[in-house]
Amino acid sequence: MVSSDQRRRQLAREKFERQQQRREEARRRTRRLTAVIASVVAVVAVAGVGAYLALDDDGKKDKSDAAASPSASPSPSPSESSAPEPAMKIDKTSKYTMSIKTSQGDVAFTMDAAKTPHTTNSFKSLADKGFFDGTKCHRLTTQGIFVLQCGDPKGDGTGGPGYTIPDENLTALGKAGADGTVTYPAGTVAMANTAQPHTGGSQFFLVYKDSKLPPTYTPFGTMDDASLKAVKDIGAAGVAGGATDGAPKKAVDISKAAVAKS
């Protein structure tokens, strides 16, 4: 017999997965729309500058309408996600620490490059460029799964770095159970994605309480005790408006993020 707590966790997982699936479907629609617009622009360009400028006005209107539509892509645009990931520059035999200064306290976690070289390399490259500076952790969940999600430059769950990285280390948390999930222990740092393979970008989530999820999210970091406590405090304060999934009530603004060899 399934307990009420187990049922709540199952519903939360299903909701999470539905959201990720909707994002991927919207992404595909945006790709098709972008391809059509690109074709039209190419044809009109041949007709002359005057015609191009007229189309540009229409193009702006189309983009505005798309942004207002619920079918607008909530994931990186096709042009962004087609960029290559950063060249490998880290030492794959070493461990690295990512240190994040936030408005709710410092958070740090260790990354093992031997297990997640692409993810570790990407985060170091982004941090070195100041990519995370001035961003915020836009999402907190307090039922079923317990995570704080960060790393979106847009702050609304739709942004990315302009490229994607491969999934890594997916077997680290063990074999999935009968419900298709594994436990992501408190203190784990893992990659967010669109529910499709190899679609991670810059968004990541900090697990502040054991959470059951499908083993499809790259676990690439482990928080220290002080950091876990800071994230737990954010979780304890809850979600803005009293919901169980949304912006954290305690705003988490990132002022600086850095990655260094441990």
# chains A, B, ... in the order shown; residues from 1 in each chain; ligands from 1
call {"tool": "residues_around", "arguments": {"residues": "A:Leu148", "least_positions_apart": "5", "cutoff": "9 Å", "atoms": "only C-alpha atoms", "output": "ChimeraX atom specification"}}
result
/A:137-141,204-208,231,234-235,248
call {"tool": "residues_around", "arguments": {"residues": "A:Ala258", "least_positions_apart": "3", "cutoff": "10 Å", "atoms": "only C-alpha atoms", "output": "PyMOL selection string"}}
result
chain A and resi 97-101+108+123-133
call {"tool": "residues_around", "arguments": {"residues": "A:Leu228", "least_positions_apart": "3", "cutoff": "8 Å", "atoms": "only C-alpha atoms", "output": "ChimeraX atom specification"}}
result
/A:107,186-187,208,223-225,231-232
call {"tool": "residues_around", "arguments": {"residues": "A:Arg13", "least_positions_apart": "2", "cutoff": "10 Å", "atoms": "only C-alpha atoms", "output": "list in words"}}
result
Arg7, Arg8, Arg9, Gln10, Leu11, Lys15, Phe16, Glu17, Arg18, Gln19, Gln143, Gly144, Ile145, Thr181, Ser211, Lys212, Leu213 and Pro214 of chain A
call {"tool": "atom_distance", "arguments": {"atom1": "atom CA of A:Gly221", "atom2": "atom CA of A:Thr110"}}
result
5.2 Å
